[in-house]
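Raw contents of upload_34.cif, mmCIF, C-alpha atoms:
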```cif
data_coords
#
loop_
_atom_site.label_atom_id
_atom_site.label_comp_id
_atom_site.auth_asym_id
_atom_site.auth_seq_id
_atom_site.Cartn_x
_atom_site.Cartn_y
_atom_site.Cartn_z
CA MET A 1 14.06 -4.68 29.33
CA ALA A 2 10.68 -4.77 27.62
CA ASP A 3 8.32 -7.74 27.84
CA THR A 4 7.56 -9.73 24.68
CA PHE A 5 4.14 -10.44 23.18
CA SER A 6 4.87 -14.04 22.24
CA TYR A 7 1.37 -15.33 21.47
CA LYS A 8 1.07 -17.12 18.13
CA LEU A 9 -2.17 -16.04 16.51
CA ASN A 10 -3.88 -17.07 13.27
CA TYR A 11 -4.73 -13.51 12.41
CA PRO A 12 -5.06 -11.22 9.47
CA ALA A 13 -3.18 -7.99 10.02
CA LYS A 14 -3.33 -4.56 8.47
CA LEU A 15 -0.42 -2.12 8.36
CA ALA A 16 -1.18 1.61 8.28
CA ARG A 17 1.47 4.23 7.88
CA ALA A 18 1.14 7.99 8.02
CA PRO A 19 4.62 9.47 7.75
CA LYS A 20 4.99 12.76 9.59
CA ALA A 21 6.06 15.45 7.14
CA ALA A 22 5.80 19.17 6.67
CA SER A 23 5.38 20.82 3.30
CA TYR A 24 6.09 24.36 2.27
CA GLN A 25 4.40 25.99 -0.75
CA PHE A 26 6.21 28.60 -2.77
CA GLY A 27 4.63 31.17 -5.05
CA ASP A 28 5.82 29.53 -8.26
CA GLY A 29 4.01 26.24 -7.53
CA TYR A 30 7.10 24.56 -6.13
CA GLU A 31 6.59 22.52 -2.97
CA GLN A 32 9.29 21.43 -0.55
CA ARG A 33 8.66 18.48 1.80
CA VAL A 34 10.65 17.38 4.82
CA GLY A 35 10.21 14.52 7.28
CA LEU A 36 9.52 15.57 10.86
CA GLY A 37 11.71 14.07 13.54
CA LEU A 38 14.31 11.32 13.37
CA ASN A 39 11.78 8.52 12.78
CA PRO A 40 8.79 9.98 10.94
CA ASN A 41 7.48 6.70 9.47
CA LEU A 42 6.46 4.40 12.35
CA GLN A 43 4.27 1.32 11.91
CA LYS A 44 0.68 0.98 13.15
CA TRP A 45 -0.76 -2.54 12.96
CA THR A 46 -4.39 -3.57 13.38
CA ILE A 47 -4.56 -7.25 14.21
CA ASN A 48 -7.54 -9.58 14.49
CA ALA A 49 -7.55 -13.18 15.64
CA ASP A 50 -10.33 -15.68 15.99
CA MET A 51 -10.88 -19.18 17.33
CA LEU A 52 -9.01 -18.40 20.55
CA SER A 53 -9.47 -20.63 23.56
CA LEU A 54 -10.82 -18.96 26.66
CA SER A 55 -7.48 -19.42 28.44
CA LEU A 56 -5.54 -17.82 25.54
CA ALA A 57 -7.95 -14.88 25.40
CA GLN A 58 -7.57 -14.41 29.15
CA SER A 59 -3.78 -14.67 28.94
CA ILE A 60 -3.61 -12.02 26.19
CA ASP A 61 -5.90 -9.73 28.20
CA THR A 62 -3.73 -10.17 31.29
CA PHE A 63 -0.55 -9.42 29.33
CA LEU A 64 -1.97 -6.24 27.75
CA SER A 65 -3.56 -5.13 31.03
CA THR A 66 -0.18 -5.48 32.72
CA GLN A 67 1.35 -3.19 30.08
CA GLY A 68 -1.51 -0.76 30.77
CA ALA A 69 -1.09 1.22 27.51
CA VAL A 70 2.01 2.69 29.14
CA LYS A 71 4.75 0.09 28.97
CA ALA A 72 6.05 -0.73 25.52
CA PHE A 73 6.66 -4.36 24.59
CA ASN A 74 8.38 -6.32 21.84
CA TRP A 75 6.26 -7.87 19.09
CA VAL A 76 7.27 -9.66 15.89
CA ASN A 77 5.18 -8.18 13.08
CA PRO A 78 3.89 -10.32 10.17
CA PHE A 79 7.01 -9.37 8.17
CA GLY A 80 9.06 -11.19 10.82
CA VAL A 81 10.60 -8.00 12.21
CA SER A 82 10.70 -7.41 15.96
CA ILE A 83 9.50 -3.91 16.86
CA LEU A 84 8.74 -2.08 20.08
CA VAL A 85 5.02 -1.31 20.35
CA VAL A 86 2.37 -0.04 22.69
CA CYS A 87 -1.25 -1.20 22.71
CA ARG A 88 -3.68 1.52 23.79
CA LYS A 89 -6.89 -0.41 23.02
CA TRP A 90 -7.93 -4.01 22.48
CA ASP A 91 -11.18 -5.94 22.29
CA ILE A 92 -11.94 -9.53 23.21
CA SER A 93 -15.28 -11.12 22.35
CA LEU A 94 -16.16 -14.33 24.14
CA ASP A 95 -18.48 -16.91 22.64
CA GLU A 96 -19.95 -19.98 24.33
CA ASP A 97 -18.68 -22.16 21.45
CA GLU A 98 -15.05 -21.09 22.13
CA GLU A 99 -15.01 -19.02 18.95
CA ASN A 100 -13.48 -16.15 20.88
CA THR A 101 -12.02 -13.20 19.00
CA PHE A 102 -9.34 -10.64 19.71
CA SER A 103 -8.56 -7.34 18.00
CA ALA A 104 -6.02 -4.68 18.83
CA THR A 105 -3.89 -1.92 17.44
CA PHE A 106 -0.14 -2.10 18.00
CA GLU A 107 1.66 1.22 17.50
CA GLU A 108 5.42 1.28 17.03
CA VAL A 109 7.23 3.46 19.56
CA LEU A 110 10.84 4.35 20.12
CA GLY A 111 11.02 4.01 23.85
#
```
Taking this structure as input, can you express it in the form of structure tokens?
Amino acid sequence: MADTFSYKLNYPAKLARAPKAASYQFGDGYEQRVGLGLNPNLQKWTINADMLSLSLAQSIDTFLSTQGAVKAFNWVNPFGVSILVVCRKWDISLDEDEENTFSATFEEVLG
């Protein structure tokens, strides 16, 4: 059973999609397109959060480090849908005024 990223963040988020498809050109200008694979349209979210306490920033870093960019985990996206994701890279900036920031990319995976 996958772990769950359950941290509540006050973040903006950006969804990027790049459906996997192949296209075939025919001599008469006709083009045929087909989706590649069973799930060619996975989600890729870039999230940013600010005003994190030092303990929350450390907790998030510990959670993501434990997953190690290998283990997938559950995350509820801003649409309120739980998806299985992997985080390959994240950044945490620490500030002496506790205006710490966090950014990461969560990529939907199927297993």
Tell me which residues the PyMOL selection byres ((chain A and resi 20) around 10) grabs here, as a PDB file with C-alpha atoms, in the coordinates of the input.
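File written: out.pdb
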```
ATOM      1  CA  ARG A  17       1.470   4.230   7.880  1.00  0.00           C
ATOM      2  CA  ALA A  18       1.140   7.990   8.020  1.00  0.00           C
ATOM      3  CA  PRO A  19       4.620   9.470   7.750  1.00  0.00           C
ATOM      4  CA  ALA A  21       6.060  15.450   7.140  1.00  0.00           C
ATOM      5  CA  ALA A  22       5.800  19.170   6.670  1.00  0.00           C
ATOM      6  CA  VAL A  34      10.650  17.380   4.820  1.00  0.00           C
ATOM      7  CA  GLY A  35      10.210  14.520   7.280  1.00  0.00           C
ATOM      8  CA  LEU A  36       9.520  15.570  10.860  1.00  0.00           C
ATOM      9  CA  GLY A  37      11.710  14.070  13.540  1.00  0.00           C
ATOM     10  CA  ASN A  39      11.780   8.520  12.780  1.00  0.00           C
ATOM     11  CA  PRO A  40       8.790   9.980  10.940  1.00  0.00           C
ATOM     12  CA  ASN A  41       7.480   6.700   9.470  1.00  0.00           C
ATOM     13  CA  LEU A  42       6.460   4.400  12.350  1.00  0.00           C
TER      14      LEU A  42
END
```
#### Entry: Selection near region 81-83 of chain A, 8 Å with only C-alpha atoms, sequence-local residues under 6 positions removed, as an MDAnalysis selection string
chainID A and resid 74:75 108
### Query
Exactly which residues make up the result of the PyMOL selection byres ((chain A and resi 61) around 12) on this file, given as a VMD selection string?
chain A and resid 5 7 52 54 to 60 62 to 69 87 89 to 94 101 to 104
### Query
CA of Tyr11 (chain A) to CA of Glu98 (chain A): how many Å, to one decimal?
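Pair CA of Tyr11 (chain A) / CA of Glu98 (chain A) returns 16.1 Å.
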### Message
Considering all atoms listed in the file, can you say which of A:Leu38, A:Ala49, A:Leu110, A:Leu9 comes closest to Val76 (chain A)?
### Response
A:Leu9
May I have the centre and edge lengths, in Å to one decimal, of an axis-aligned box around the listed atoms of region 6-22 of chain A with 6 Å added to every side, as lines of an AutoDock Vina configuration file?
```
center_x = 0.5
center_y = 1.0
center_z = 14.5
size_x = 23.1
size_y = 48.3
size_z = 27.6
```
### Message
Could you list, as a list of chain:residue names, every residue within 7 Å of Ser23 (chain A), counting only C-alpha atoms and ignoring same-chain residues fewer than 5 positions away?
### Response
A:Glu31, A:Gln32, A:Arg33, A:Val34
### Query
CA of Thr4 (chain A) and CA of Lys44 (chain A), how far apart in Å?
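Here the two named atoms are 17.2 Å from each other.
For the pair CA of Phe73 (chain A) and CA of Asp3 (chain A), the separation is 5.0 Å.
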Coords for region 21-72 of chain A, C-alpha atoms, as an mmCIF file, in the first residue's frame:
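For reference, out-v6.cif as written:
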```cif
data_model
loop_
_atom_site.group_PDB
_atom_site.id
_atom_site.type_symbol
_atom_site.label_atom_id
_atom_site.label_comp_id
_atom_site.auth_asym_id
_atom_site.auth_seq_id
_atom_site.Cartn_x
_atom_site.Cartn_y
_atom_site.Cartn_z
ATOM 1 C CA ALA A 21 0.285 9.983 -29.354
ATOM 2 C CA ALA A 22 1.600 8.877 -32.699
ATOM 3 C CA SER A 23 0.544 10.421 -35.974
ATOM 4 C CA TYR A 24 0.776 9.038 -39.457
ATOM 5 C CA GLN A 25 0.820 11.279 -42.549
ATOM 6 C CA PHE A 26 -0.669 10.086 -45.795
ATOM 7 C CA GLY A 27 0.095 11.432 -49.246
ATOM 8 C CA ASP A 28 -3.272 13.140 -49.682
ATOM 9 C CA GLY A 29 -2.800 15.372 -46.600
ATOM 10 C CA TYR A 30 -4.815 13.096 -44.340
ATOM 11 C CA GLU A 31 -3.367 12.482 -40.882
ATOM 12 C CA GLN A 32 -4.281 9.656 -38.541
ATOM 13 C CA ARG A 33 -3.569 9.974 -34.804
ATOM 14 C CA VAL A 34 -3.627 7.303 -32.136
ATOM 15 C CA GLY A 35 -2.954 7.382 -28.396
ATOM 16 C CA LEU A 36 0.048 5.366 -27.260
ATOM 17 C CA GLY A 37 -0.512 2.907 -24.445
ATOM 18 C CA LEU A 38 -3.506 2.336 -22.208
ATOM 19 C CA ASN A 39 -3.115 5.624 -20.297
ATOM 20 C CA PRO A 40 -1.509 8.171 -22.622
ATOM 21 C CA ASN A 41 -2.680 11.312 -20.782
ATOM 22 C CA LEU A 42 -1.134 11.327 -17.297
ATOM 23 C CA GLN A 43 -0.994 14.408 -15.059
ATOM 24 C CA LYS A 44 2.163 16.341 -14.175
ATOM 25 C CA TRP A 45 1.742 18.938 -11.426
ATOM 26 C CA THR A 46 4.182 21.670 -10.436
ATOM 27 C CA ILE A 47 3.404 22.854 -6.938
ATOM 28 C CA ASN A 48 4.808 25.753 -4.938
ATOM 29 C CA ALA A 49 4.125 26.610 -1.327
ATOM 30 C CA ASP A 50 5.363 29.396 0.860
ATOM 31 C CA MET A 51 5.211 30.482 4.489
ATOM 32 C CA LEU A 52 6.072 26.982 5.719
ATOM 33 C CA SER A 53 7.329 26.505 9.240
ATOM 34 C CA LEU A 54 10.759 24.952 9.579
ATOM 35 C CA SER A 55 9.237 21.779 11.058
ATOM 36 C CA LEU A 56 6.761 21.424 8.155
ATOM 37 C CA ALA A 57 9.514 21.961 5.581
ATOM 38 C CA GLN A 58 11.626 19.328 7.323
ATOM 39 C CA SER A 59 8.699 16.907 7.524
ATOM 40 C CA ILE A 60 7.969 17.267 3.792
ATOM 41 C CA ASP A 61 11.653 16.749 2.975
ATOM 42 C CA THR A 62 11.755 13.627 5.147
ATOM 43 C CA PHE A 63 8.620 12.221 3.505
ATOM 44 C CA LEU A 64 9.908 12.797 -0.045
ATOM 45 C CA SER A 65 13.396 11.548 0.844
ATOM 46 C CA THR A 66 11.849 8.349 2.184
ATOM 47 C CA GLN A 67 10.070 7.840 -1.151
ATOM 48 C CA GLY A 68 13.440 8.431 -2.848
ATOM 49 C CA ALA A 69 11.974 9.189 -6.305
ATOM 50 C CA VAL A 70 11.280 5.452 -6.514
ATOM 51 C CA LYS A 71 8.238 4.728 -4.385
ATOM 52 C CA ALA A 72 4.963 6.154 -5.635
#
```
